[in-house]
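So the structure is just underneath, and the comments pick up after that.
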Amino acid sequence: MKSLRMGILLSALFLLAACVTINIYFPSAQAEEAAREMVQDILGKDDAKTDKNTTSARQQPLPLYVQVGEGVLNFLVSPAHAAAPDFNVNTPKIRKLQAQMKRRNASLKKYYAKGAIGFTRNALIKIRNASAIPLKQRSKIKKMVAAENRNRKALYQAIADANGHPQWRADVQKTYAGIWVDEAGKGWWYQNRKGQWKQR
Amino acid sequence: MQPPRLIFIIWLILTPSLFAADRVTLHLGRVAGADWSAESLDLELDWQQGAAAAFQMRVKSITHPALLTPLKELVISCQQGRVSDHDIACQKGVLHLPHPLLDDPQIPIRFKWNSAQQTLKFELNRLHFAAGQLQAIIQSNPEGWALNVKADALDMTAFYNQLRGYLPMLPEIELSGKIDLVASVSGAGTVPSKFQWHSYLHELAFSDGRGDYLGEGISGSLQGGFIFFDEEWQGDIALTLQQGELLSPYLYIGVEQQPLSINAQLNINQRQLQVSKLHYNHPGILAFTLSATLLKQPQWMAESFHLQIEPFAIQTLYEQYLLPTLAESMLASLAWAGQATLALSMQRDGVQRGVLNLNDVTVEEVIPKIDETEEAEEITSPRRSFALYGINGLLNWSSGEMPADSMLSWDGGHFMEGITFGRTALDLSLHEKSITLLNSAILPVLDGRLVLSTFNLVWNDDLRFVFGGALTAVSMEAFSHAMGWLPLSGTLSGGIPKATYQNDTFELEGAMMVDLFEGQTIIQNLRVDDPLGVWPTLHANVELKDLDLEALTRTFSFGKITGKLEGRIKDLYLENWQPVSFDARFATPEQDESRHRISQRAIDNISNLGGNGLSGALSRSFLSFFDEFRYARLGVSCRLENGVCELDGVEAAAQGSYLVKGSGIPRVDIVGFNHQVDWELLINKLTEIANSGVGNADFE
């Protein structure tokens, strides 16, 4: 009877162990801090929301069952599998992209505030209300939005590349999507997870 | 229907008393005149007193040259008509015309048909069309016909939508605004021979699907008239915009104070379109005359043209027309002054020519501004700008033949704020897509000269230029001041076998020599990426030979050291003109026979830099009575990476390494213990020492 129970336990453990090939990343808040600093630098300290006391839904403590699940998985999944992008990486390419975006932000920020341009759920920007941009500026702003998105995609790829995992771009982009929204100024528009426009 | 049969029918109509009937219905089939026809014509007559009659005509379709397409299923009901032996007239009637372009199929009409003179006058009143009203008069006689239309406040949205339903080949654009129109078309037979129109646009706005081509608030008039003569349409067209904005991806036109006018004479036939005189006049901004011939083969292609732009203020044209659409390039942040004229032409044989005259032009890079209300923008990197002023030139460009020589000169300018240029004149040849320097030229740079012996610029998809020459006798004092560095002495010179700029990268082949501190500094493999961009980077290898330490230490107020120094900076890499990484080593040359002395202050400064030096203890001792000490060798190496300098000396010591290895008596050695030095702190310290002039040694 005892050996039977042991057999069941071992089988259960075996089954659990069979699940560990799933790659789940839990980028910790600490790991994101470098990304957040970069976003704050690009958006400018005056405009970016710097009130650290307000935590977004994304930053709120994870539900208990998730924490337990995370603990179990961290136990079962070897650390190598649970690796997360390191946002502290810093390469010439990343620094250049950051400088370009920071320069451009000087022109774009007033249109964030007017609601002409919003932050999309996939960590890019989009013209959501062209009529809020004077006709005279529309072509220029359109070109800037296209350039900003080229820079942002290049940035996410550069961070993934610097981590030695080019395929991590989507994870990096996902992390940034939340940070851009967190750091957006008051009154700026962003897309929620369903793609609906909301105002901060 | 043949004329005899028609006459018989009319006779039947005109002789009602023969039949003593009140109402007659006739099925007439096809009725046709010289230039019109009606199919399945039914006529129902309701006799009243005398010749007065009420009647109704039903027609399956009517064709007429003035109609774009046949009118179908129309019914004419006349309440007050008159039928006599030579005319049919209707004073008050209604035309029922179901047509996609019409808002209401019921149209009040009047008409008169004279059979003897074969004349017809047909008036349509209050035709409800595109949310507005339209009045049309059709007149016809054996010599010809005419259609006059007057429309008031047609809604462009409704008009275009209806028109697109009717003509699906029209592009999908959003259009709004109102239009008033007076137009006439006339002709003979099936061919129109004359048309003219006068239209007035009110608050017209349009947008293509992608938002690339936009217009807003456009008010103005468009008129023209054409006649068909000698197998072609000849006429003129005139557009006057009183106000409004037009935007395309590369051009913005805003009309505010003074109206913009365009008028042109045109000749069009099956094969070609000839624009004989097109005058464009936007007062204070741009005025030009254009003549051109376009051929249809099968797309319209320019066969020849001549464009003459009148003298214009470059800044106004740049600011009004071009700047609003420029972004993400240096072109978006320029300020101009001066005037220019431009002529462009293409001959039938394909030879193209351009002549640009520049008159006292200044161009300067400025920080871009979005508009006047923009708050002071953040400058994210040190402002680096360039300027050229007093530019004059006659530039002759051609393609397909050798051009006349060109001349370009400027009075001065600067690059990166401090590097100044003097007066220069260049003889150039502008051929196809290239600019070539014809004779060597001298460009004064700071207090020296850049002799340009070759220069060639090519623009295909990308801009590329190559030049060669020599840089002579630029003083390092002027150069270091221009760059905002610590003051250096010596001169900068060197041959430039080949310098290339392409893909935003500037590369120098060969070596630049700098006569620095009585020795030589050789800069090789110099490459600058994105030199005028937001984040320039520089790669180079630097070698230093026979530098005189006394000159060097004097310059930096470092304390006095005599002797020679040699070294190299391998893989020097700067970002935004700040060092990011390099592998540097400087030391007393082997077998150096110069006098090796180091002052007390220099010892203090070095030991302070190295961190935990020994000097503090020694300078308090009897050694402080000596002004200088002998040394055997000195040297330092720094391998910079990630903000940390891996510091080493000239020789390994028991602990750490010697920065200065003394000799003789009294002997002073300086040994560096800490290998890892924060680069920023080190630079701050050095700057402090150089600026203070007395050093900042720790004498405690």
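Each chain of the structure tokens is named A, B, ... in the order shown, its residues numbered from 1; ligands are numbered from 1 in display order.
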
Any idea what's packed within 10 Å of segment 309-326 of chain B, counting only C-alpha atoms, ignoring anything in its chain fewer than 4 positions away? Could you give it as a short mmCIF file (atom, residue, chain, number, x, y, z; two decimals) with all heavy atoms, in the first residue's frame?
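Wrote it out as around32.cif, contents follow:
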data_model
loop_
_atom_site.label_atom_id
_atom_site.label_comp_id
_atom_site.auth_asym_id
_atom_site.auth_seq_id
_atom_site.Cartn_x
_atom_site.Cartn_y
_atom_site.Cartn_z
N LEU A 135 -3.50 71.37 -40.24
CA LEU A 135 -3.17 70.80 -41.55
C LEU A 135 -1.71 71.04 -41.91
O LEU A 135 -1.04 70.17 -42.45
CB LEU A 135 -4.09 71.41 -42.62
CG LEU A 135 -3.98 70.74 -44.00
CD1 LEU A 135 -4.77 69.46 -44.02
CD2 LEU A 135 -4.47 71.66 -45.09
N LYS A 136 -1.24 72.22 -41.55
CA LYS A 136 0.13 72.61 -41.90
C LYS A 136 1.15 71.65 -41.27
O LYS A 136 2.22 71.44 -41.81
CB LYS A 136 0.37 74.05 -41.42
CG LYS A 136 1.59 74.71 -41.98
CD LYS A 136 1.61 76.18 -41.62
CE LYS A 136 2.87 76.83 -42.21
NZ LYS A 136 2.90 78.26 -41.98
N GLN A 137 0.83 71.09 -40.11
CA GLN A 137 1.77 70.22 -39.41
C GLN A 137 1.54 68.74 -39.69
O GLN A 137 2.33 67.90 -39.27
CB GLN A 137 1.65 70.43 -37.89
CG GLN A 137 1.82 71.86 -37.42
CD GLN A 137 3.19 72.42 -37.74
OE1 GLN A 137 4.13 71.66 -37.95
NE2 GLN A 137 3.28 73.73 -37.82
N ARG A 138 0.46 68.43 -40.37
CA ARG A 138 0.03 67.03 -40.40
C ARG A 138 1.02 66.10 -41.11
O ARG A 138 1.27 65.00 -40.65
CB ARG A 138 -1.36 66.93 -41.05
CG ARG A 138 -2.28 66.07 -40.20
CD ARG A 138 -3.68 66.08 -40.71
NE ARG A 138 -4.40 67.25 -40.24
CZ ARG A 138 -5.62 67.56 -40.65
NH1 ARG A 138 -6.23 66.81 -41.54
NH2 ARG A 138 -6.23 68.62 -40.19
N SER A 139 1.57 66.59 -42.21
CA SER A 139 2.50 65.73 -42.95
C SER A 139 3.77 65.48 -42.14
O SER A 139 4.27 64.36 -42.06
CB SER A 139 2.83 66.41 -44.27
OG SER A 139 3.75 65.67 -44.98
N LYS A 140 4.25 66.55 -41.50
CA LYS A 140 5.46 66.44 -40.67
C LYS A 140 5.22 65.47 -39.51
O LYS A 140 6.04 64.59 -39.25
CB LYS A 140 5.80 67.83 -40.14
CG LYS A 140 7.06 67.89 -39.29
CD LYS A 140 7.13 69.20 -38.51
CE LYS A 140 7.42 70.39 -39.36
NZ LYS A 140 8.84 70.76 -39.43
N ILE A 141 4.10 65.62 -38.83
CA ILE A 141 3.81 64.78 -37.67
C ILE A 141 3.63 63.33 -38.10
O ILE A 141 4.11 62.40 -37.44
CB ILE A 141 2.58 65.30 -36.91
CG1 ILE A 141 2.85 66.71 -36.35
CG2 ILE A 141 2.16 64.36 -35.78
CD1 ILE A 141 4.01 66.82 -35.38
N LYS A 142 3.01 63.15 -39.24
CA LYS A 142 2.82 61.79 -39.76
C LYS A 142 4.18 61.12 -40.01
O LYS A 142 4.38 59.95 -39.67
CB LYS A 142 2.05 61.90 -41.09
CG LYS A 142 1.21 60.71 -41.42
CD LYS A 142 0.35 61.01 -42.61
CE LYS A 142 0.06 59.73 -43.33
NZ LYS A 142 -0.74 59.92 -44.52
N LYS A 143 5.10 61.90 -40.58
CA LYS A 143 6.44 61.35 -40.83
C LYS A 143 7.15 61.07 -39.51
O LYS A 143 7.88 60.09 -39.39
CB LYS A 143 7.26 62.35 -41.65
CG LYS A 143 6.83 62.39 -43.10
CD LYS A 143 7.52 63.50 -43.86
CE LYS A 143 6.94 63.62 -45.25
NZ LYS A 143 7.38 64.84 -45.93
N MET A 144 6.93 61.95 -38.52
CA MET A 144 7.57 61.74 -37.22
C MET A 144 7.03 60.50 -36.52
O MET A 144 7.77 59.76 -35.88
CB MET A 144 7.38 62.96 -36.32
CG MET A 144 8.26 64.12 -36.70
SD MET A 144 8.14 65.42 -35.47
CE MET A 144 9.54 66.42 -35.94
N LEU B 246 -3.49 73.66 -48.77
CA LEU B 246 -3.31 72.43 -49.55
C LEU B 246 -2.08 71.72 -49.02
O LEU B 246 -1.06 72.36 -48.76
CB LEU B 246 -3.09 72.76 -51.03
CG LEU B 246 -4.25 73.42 -51.77
CD1 LEU B 246 -3.75 74.08 -53.04
CD2 LEU B 246 -5.31 72.38 -52.11
N LEU B 247 -2.18 70.41 -48.89
CA LEU B 247 -1.04 69.66 -48.34
C LEU B 247 -0.82 68.39 -49.15
O LEU B 247 -1.75 67.64 -49.42
CB LEU B 247 -1.33 69.27 -46.88
CG LEU B 247 -0.23 68.52 -46.15
CD1 LEU B 247 0.93 69.44 -45.81
CD2 LEU B 247 -0.77 67.88 -44.88
N SER B 248 0.42 68.21 -49.56
CA SER B 248 0.83 66.94 -50.17
C SER B 248 2.03 66.46 -49.36
O SER B 248 2.52 67.19 -48.51
CB SER B 248 1.20 67.17 -51.64
OG SER B 248 2.49 67.72 -51.72
N PRO B 249 2.51 65.22 -49.59
CA PRO B 249 3.61 64.75 -48.75
C PRO B 249 4.86 65.65 -48.80
O PRO B 249 5.67 65.63 -47.88
CB PRO B 249 3.92 63.37 -49.31
CG PRO B 249 2.64 62.91 -49.91
CD PRO B 249 2.00 64.14 -50.46
N TYR B 250 5.05 66.42 -49.86
CA TYR B 250 6.28 67.20 -49.97
C TYR B 250 6.07 68.70 -50.12
O TYR B 250 7.01 69.44 -50.33
CB TYR B 250 7.13 66.67 -51.13
CG TYR B 250 7.42 65.22 -50.97
CD1 TYR B 250 6.74 64.26 -51.71
CD2 TYR B 250 8.35 64.79 -50.02
CE1 TYR B 250 6.99 62.91 -51.52
CE2 TYR B 250 8.61 63.46 -49.83
CZ TYR B 250 7.92 62.52 -50.57
OH TYR B 250 8.16 61.19 -50.38
N LEU B 251 4.83 69.13 -50.05
CA LEU B 251 4.56 70.54 -50.30
C LEU B 251 3.33 70.98 -49.53
O LEU B 251 2.34 70.25 -49.46
CB LEU B 251 4.32 70.72 -51.80
CG LEU B 251 4.38 72.12 -52.37
CD1 LEU B 251 5.81 72.65 -52.30
CD2 LEU B 251 3.92 72.10 -53.82
N TYR B 252 3.42 72.18 -48.96
CA TYR B 252 2.26 72.76 -48.31
C TYR B 252 2.03 74.14 -48.92
O TYR B 252 2.99 74.90 -49.12
CB TYR B 252 2.52 72.91 -46.80
CG TYR B 252 1.51 73.78 -46.10
CD1 TYR B 252 0.30 73.25 -45.66
CD2 TYR B 252 1.75 75.14 -45.90
CE1 TYR B 252 -0.63 74.05 -45.03
CE2 TYR B 252 0.81 75.94 -45.27
CZ TYR B 252 -0.37 75.39 -44.84
OH TYR B 252 -1.30 76.18 -44.21
N ILE B 253 0.81 74.44 -49.26
CA ILE B 253 0.49 75.77 -49.77
C ILE B 253 -0.63 76.34 -48.93
O ILE B 253 -1.72 75.75 -48.86
CB ILE B 253 0.08 75.72 -51.27
CG1 ILE B 253 1.23 75.18 -52.12
CG2 ILE B 253 -0.33 77.11 -51.76
CD1 ILE B 253 0.89 74.96 -53.57
N GLY B 254 -0.36 77.44 -48.29
CA GLY B 254 -1.38 78.09 -47.48
C GLY B 254 -1.67 79.46 -48.07
O GLY B 254 -0.74 80.23 -48.32
N VAL B 255 -2.93 79.75 -48.32
CA VAL B 255 -3.31 81.06 -48.88
C VAL B 255 -4.00 81.84 -47.77
O VAL B 255 -5.02 81.39 -47.24
CB VAL B 255 -4.25 80.90 -50.09
CG1 VAL B 255 -4.52 82.25 -50.71
CG2 VAL B 255 -3.65 79.96 -51.11
N TYR B 280 2.03 81.27 -62.58
CA TYR B 280 1.70 80.95 -61.20
C TYR B 280 2.13 82.15 -60.39
O TYR B 280 3.27 82.61 -60.50
CB TYR B 280 2.48 79.71 -60.77
CG TYR B 280 2.26 79.26 -59.35
CD1 TYR B 280 1.40 78.20 -59.07
CD2 TYR B 280 2.92 79.87 -58.29
CE1 TYR B 280 1.20 77.78 -57.76
CE2 TYR B 280 2.71 79.46 -56.99
CZ TYR B 280 1.86 78.41 -56.73
OH TYR B 280 1.67 77.99 -55.44
N ASN B 281 1.24 82.66 -59.58
CA ASN B 281 1.61 83.83 -58.78
C ASN B 281 1.04 83.74 -57.38
O ASN B 281 -0.16 83.81 -57.18
CB ASN B 281 1.12 85.11 -59.48
CG ASN B 281 1.62 86.35 -58.76
OD1 ASN B 281 2.61 86.29 -58.02
ND2 ASN B 281 0.94 87.45 -58.95
N GLY B 284 4.57 87.42 -52.94
CA GLY B 284 5.49 87.40 -51.80
C GLY B 284 6.14 86.06 -51.55
O GLY B 284 7.04 85.94 -50.72
N ILE B 285 5.68 85.00 -52.25
CA ILE B 285 6.25 83.68 -52.00
C ILE B 285 6.89 83.10 -53.27
O ILE B 285 8.09 82.84 -53.31
CB ILE B 285 5.19 82.70 -51.43
CG1 ILE B 285 4.62 83.27 -50.13
CG2 ILE B 285 5.82 81.33 -51.19
CD1 ILE B 285 3.47 82.49 -49.57
N LEU B 286 6.08 82.93 -54.29
CA LEU B 286 6.60 82.28 -55.50
C LEU B 286 5.82 82.73 -56.72
O LEU B 286 4.59 82.78 -56.69
CB LEU B 286 6.49 80.75 -55.34
CG LEU B 286 6.98 79.90 -56.51
CD1 LEU B 286 8.49 80.00 -56.66
CD2 LEU B 286 6.59 78.43 -56.32
N ALA B 287 6.54 83.06 -57.77
CA ALA B 287 5.92 83.36 -59.06
C ALA B 287 6.75 82.69 -60.14
O ALA B 287 7.98 82.76 -60.11
CB ALA B 287 5.85 84.86 -59.28
N PHE B 288 6.10 82.00 -61.04
CA PHE B 288 6.84 81.39 -62.14
C PHE B 288 5.99 81.31 -63.40
O PHE B 288 4.77 81.44 -63.36
CB PHE B 288 7.39 80.01 -61.76
CG PHE B 288 6.37 78.95 -61.48
CD1 PHE B 288 5.74 78.25 -62.50
CD2 PHE B 288 6.07 78.60 -60.17
CE1 PHE B 288 4.82 77.26 -62.22
CE2 PHE B 288 5.15 77.61 -59.88
CZ PHE B 288 4.51 76.93 -60.91
N THR B 289 6.70 81.13 -64.51
CA THR B 289 6.05 80.93 -65.80
C THR B 289 6.49 79.57 -66.32
O THR B 289 7.66 79.22 -66.23
CB THR B 289 6.52 82.01 -66.80
OG1 THR B 289 6.39 83.27 -66.17
CG2 THR B 289 5.68 81.99 -68.06
N LEU B 290 5.54 78.83 -66.82
CA LEU B 290 5.84 77.49 -67.32
C LEU B 290 5.22 77.31 -68.69
O LEU B 290 4.06 77.68 -68.92
CB LEU B 290 5.27 76.43 -66.36
CG LEU B 290 5.32 74.98 -66.81
CD1 LEU B 290 6.73 74.43 -66.68
CD2 LEU B 290 4.37 74.11 -65.99
N MET B 330 18.12 66.94 -41.51
CA MET B 330 18.72 68.24 -41.22
C MET B 330 18.01 69.33 -42.02
O MET B 330 18.00 70.49 -41.62
CB MET B 330 20.19 68.18 -41.57
CG MET B 330 21.01 69.20 -40.83
SD MET B 330 22.69 69.12 -41.41
CE MET B 330 22.50 69.66 -43.10
N LEU B 331 17.43 68.94 -43.16
CA LEU B 331 16.72 69.92 -43.99
C LEU B 331 15.58 70.58 -43.24
O LEU B 331 15.13 71.65 -43.60
CB LEU B 331 16.16 69.23 -45.24
CG LEU B 331 17.15 68.86 -46.33
CD1 LEU B 331 16.44 68.12 -47.45
CD2 LEU B 331 17.82 70.10 -46.88
N ALA B 332 15.10 69.90 -42.19
CA ALA B 332 13.96 70.44 -41.45
C ALA B 332 14.37 71.51 -40.45
O ALA B 332 13.53 72.08 -39.79
CB ALA B 332 13.25 69.30 -40.72
N SER B 333 15.67 71.74 -40.32
CA SER B 333 16.10 72.70 -39.29
C SER B 333 17.07 73.72 -39.85
O SER B 333 18.15 73.90 -39.31
CB SER B 333 16.71 71.94 -38.11
OG SER B 333 17.65 71.01 -38.58
N LEU B 334 16.69 74.35 -40.94
CA LEU B 334 17.56 75.35 -41.54
C LEU B 334 16.90 76.72 -41.50
O LEU B 334 15.68 76.83 -41.47
CB LEU B 334 17.85 74.99 -43.01
CG LEU B 334 18.55 73.65 -43.26
CD1 LEU B 334 18.70 73.41 -44.75
CD2 LEU B 334 19.91 73.61 -42.59
N ALA B 335 17.72 77.73 -41.48
CA ALA B 335 17.22 79.10 -41.62
C ALA B 335 18.00 79.73 -42.78
O ALA B 335 19.20 79.51 -42.91
CB ALA B 335 17.45 79.89 -40.34
N TRP B 336 17.28 80.46 -43.61
CA TRP B 336 17.89 81.01 -44.82
C TRP B 336 17.77 82.52 -44.84
O TRP B 336 16.89 83.10 -44.20
CB TRP B 336 17.19 80.48 -46.07
CG TRP B 336 17.24 79.01 -46.26
CD1 TRP B 336 16.42 78.09 -45.68
CD2 TRP B 336 18.13 78.28 -47.10
NE1 TRP B 336 16.76 76.82 -46.11
CE2 TRP B 336 17.80 76.91 -46.98
CE3 TRP B 336 19.18 78.64 -47.93
CZ2 TRP B 336 18.48 75.92 -47.66
CZ3 TRP B 336 19.85 77.64 -48.62
CH2 TRP B 336 19.51 76.30 -48.48
N ALA B 337 18.60 83.10 -45.65
CA ALA B 337 18.41 84.50 -46.01
C ALA B 337 18.92 84.63 -47.44
O ALA B 337 19.68 83.79 -47.91
CB ALA B 337 19.19 85.42 -45.08
N GLY B 338 18.49 85.66 -48.13
CA GLY B 338 18.97 85.87 -49.49
C GLY B 338 17.96 85.48 -50.54
O GLY B 338 16.88 84.97 -50.23
N GLN B 339 18.35 85.74 -51.77
CA GLN B 339 17.44 85.52 -52.89
C GLN B 339 18.03 84.55 -53.90
O GLN B 339 19.23 84.32 -53.95
CB GLN B 339 17.20 86.85 -53.60
CG GLN B 339 16.20 87.74 -52.89
CD GLN B 339 15.56 88.71 -53.86
OE1 GLN B 339 16.17 89.10 -54.84
NE2 GLN B 339 14.33 89.08 -53.58
N ALA B 340 17.14 84.00 -54.72
CA ALA B 340 17.59 83.10 -55.78
C ALA B 340 16.65 83.22 -56.97
O ALA B 340 15.50 83.65 -56.83
CB ALA B 340 17.61 81.66 -55.28
N THR B 341 17.16 82.84 -58.12
CA THR B 341 16.29 82.63 -59.28
C THR B 341 16.63 81.26 -59.83
O THR B 341 17.76 80.77 -59.67
CB THR B 341 16.49 83.67 -60.40
OG1 THR B 341 17.85 83.60 -60.83
CG2 THR B 341 16.16 85.06 -59.94
N LEU B 342 15.66 80.66 -60.48
CA LEU B 342 15.88 79.32 -61.01
C LEU B 342 15.18 79.18 -62.34
O LEU B 342 14.03 79.60 -62.50
CB LEU B 342 15.34 78.27 -60.02
CG LEU B 342 15.41 76.81 -60.43
CD1 LEU B 342 16.85 76.32 -60.51
CD2 LEU B 342 14.63 75.93 -59.46
N ALA B 343 15.88 78.61 -63.30
CA ALA B 343 15.26 78.26 -64.59
C ALA B 343 15.57 76.81 -64.87
O ALA B 343 16.69 76.35 -64.67
CB ALA B 343 15.82 79.15 -65.69
N LEU B 344 14.55 76.09 -65.29
CA LEU B 344 14.73 74.67 -65.63
C LEU B 344 14.11 74.44 -67.00
O LEU B 344 13.05 74.99 -67.31
CB LEU B 344 14.00 73.77 -64.63
CG LEU B 344 14.61 73.58 -63.24
CD1 LEU B 344 13.64 72.82 -62.36
CD2 LEU B 344 15.93 72.83 -63.34
N LEU B 356 20.72 78.09 -61.65
CA LEU B 356 20.35 78.61 -60.33
C LEU B 356 21.27 79.77 -60.00
O LEU B 356 22.49 79.66 -60.09
CB LEU B 356 20.50 77.50 -59.28
CG LEU B 356 20.27 77.90 -57.82
CD1 LEU B 356 18.82 78.28 -57.58
CD2 LEU B 356 20.66 76.76 -56.88
N ASN B 357 20.67 80.88 -59.66
CA ASN B 357 21.42 82.06 -59.29
C ASN B 357 21.24 82.31 -57.81
O ASN B 357 20.10 82.44 -57.35
CB ASN B 357 20.83 83.25 -60.05
CG ASN B 357 21.86 83.92 -60.90
OD1 ASN B 357 22.91 84.32 -60.39
ND2 ASN B 357 21.56 84.02 -62.18
N LEU B 358 22.31 82.38 -57.07
CA LEU B 358 22.21 82.64 -55.63
C LEU B 358 22.75 84.03 -55.35
O LEU B 358 23.85 84.38 -55.82
CB LEU B 358 23.00 81.60 -54.84
CG LEU B 358 22.55 80.14 -55.02
CD1 LEU B 358 23.54 79.21 -54.33
CD2 LEU B 358 21.16 79.94 -54.45
N ASN B 359 22.01 84.78 -54.61
CA ASN B 359 22.40 86.16 -54.37
C ASN B 359 22.43 86.46 -52.87
O ASN B 359 21.39 86.56 -52.23
CB ASN B 359 21.38 87.07 -55.09
CG ASN B 359 21.80 88.51 -55.06
OD1 ASN B 359 22.90 88.85 -54.59
ND2 ASN B 359 20.93 89.38 -55.53
N VAL B 361 23.23 84.66 -50.16
CA VAL B 361 22.42 83.68 -49.42
C VAL B 361 23.15 83.26 -48.13
O VAL B 361 24.38 83.14 -48.12
CB VAL B 361 22.16 82.43 -50.29
CG1 VAL B 361 21.48 81.33 -49.50
CG2 VAL B 361 21.33 82.81 -51.50
N THR B 362 22.39 83.09 -47.08
CA THR B 362 22.92 82.53 -45.84
C THR B 362 22.10 81.30 -45.49
O THR B 362 20.88 81.31 -45.63
CB THR B 362 22.80 83.56 -44.69
OG1 THR B 362 23.68 84.63 -44.96
CG2 THR B 362 23.16 82.94 -43.35
N VAL B 363 22.78 80.26 -45.08
CA VAL B 363 22.05 79.08 -44.60
C VAL B 363 22.66 78.69 -43.27
O VAL B 363 23.87 78.71 -43.08
CB VAL B 363 22.07 77.92 -45.62
CG1 VAL B 363 23.48 77.50 -45.98
CG2 VAL B 363 21.28 76.72 -45.09
N PRO B 368 14.95 72.79 -34.58
CA PRO B 368 13.63 72.86 -35.20
C PRO B 368 12.55 73.31 -34.23
O PRO B 368 12.61 73.04 -33.03
CB PRO B 368 13.37 71.42 -35.64
CG PRO B 368 14.29 70.59 -34.84
CD PRO B 368 15.46 71.43 -34.50
N ILE B 370 8.25 73.65 -33.90
CA ILE B 370 7.00 73.21 -34.50
C ILE B 370 6.17 74.41 -34.93
O ILE B 370 5.74 74.53 -36.04
CB ILE B 370 6.23 72.32 -33.51
CG1 ILE B 370 6.92 70.97 -33.40
CG2 ILE B 370 4.78 72.13 -33.93
CD1 ILE B 370 6.84 70.11 -34.64
N ASP B 371 5.93 75.33 -34.06
CA ASP B 371 5.31 76.58 -34.45
C ASP B 371 5.60 77.64 -33.39
O ASP B 371 6.33 77.40 -32.42
CB ASP B 371 3.81 76.43 -34.72
CG ASP B 371 3.06 75.95 -33.49
OD1 ASP B 371 3.47 76.28 -32.35
OD2 ASP B 371 2.05 75.26 -33.65
#

Note to self: I need the contact residues of chain A against chain B, so if you could list those with any atom within 12 Å, counting only C-alpha atoms, and return them as number ranges by chain, that would help.
What the structure shows: A: 41-47, 89-111, 127, 129-131, 133-148, 150-151

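Of all the residues in segment 291-500 of chain B, the ones DSSP labels as helix (DSSP H, G or I) from the backbone are Ile314, Gln315, Thr316, Leu317, Tyr318, Glu319, Gln320, Tyr321, Leu322, Leu323, Pro324, Thr325, Met330, Leu331, Ala332, Ser333, Met476, Glu477, Ala478, Phe479, Ser480, His481, Ala482 and Met483 of chain B.
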
Checklist line | Arg128 of chain A environment, 7 Å, only C-alpha atoms, sequence neighbours closer than 6 positions dropped, as a PyMOL selection string | finding: chain A and resi 116-118

Check: Do you know which residues are at most 9 Å from Ala425 of chain B counting only C-alpha atoms, after dropping those on the same chain fewer than 2 positions away, and could you put them as a list in words?
Finding: Met407, Leu408, Ser409, Trp410, Asp411, Arg423, Asp427, Ala441, Ile442 and Leu443 of chain B

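Between atom CA of His282 of chain B and atom CA of Leu222 of chain B there is a distance of 15.9 Å.
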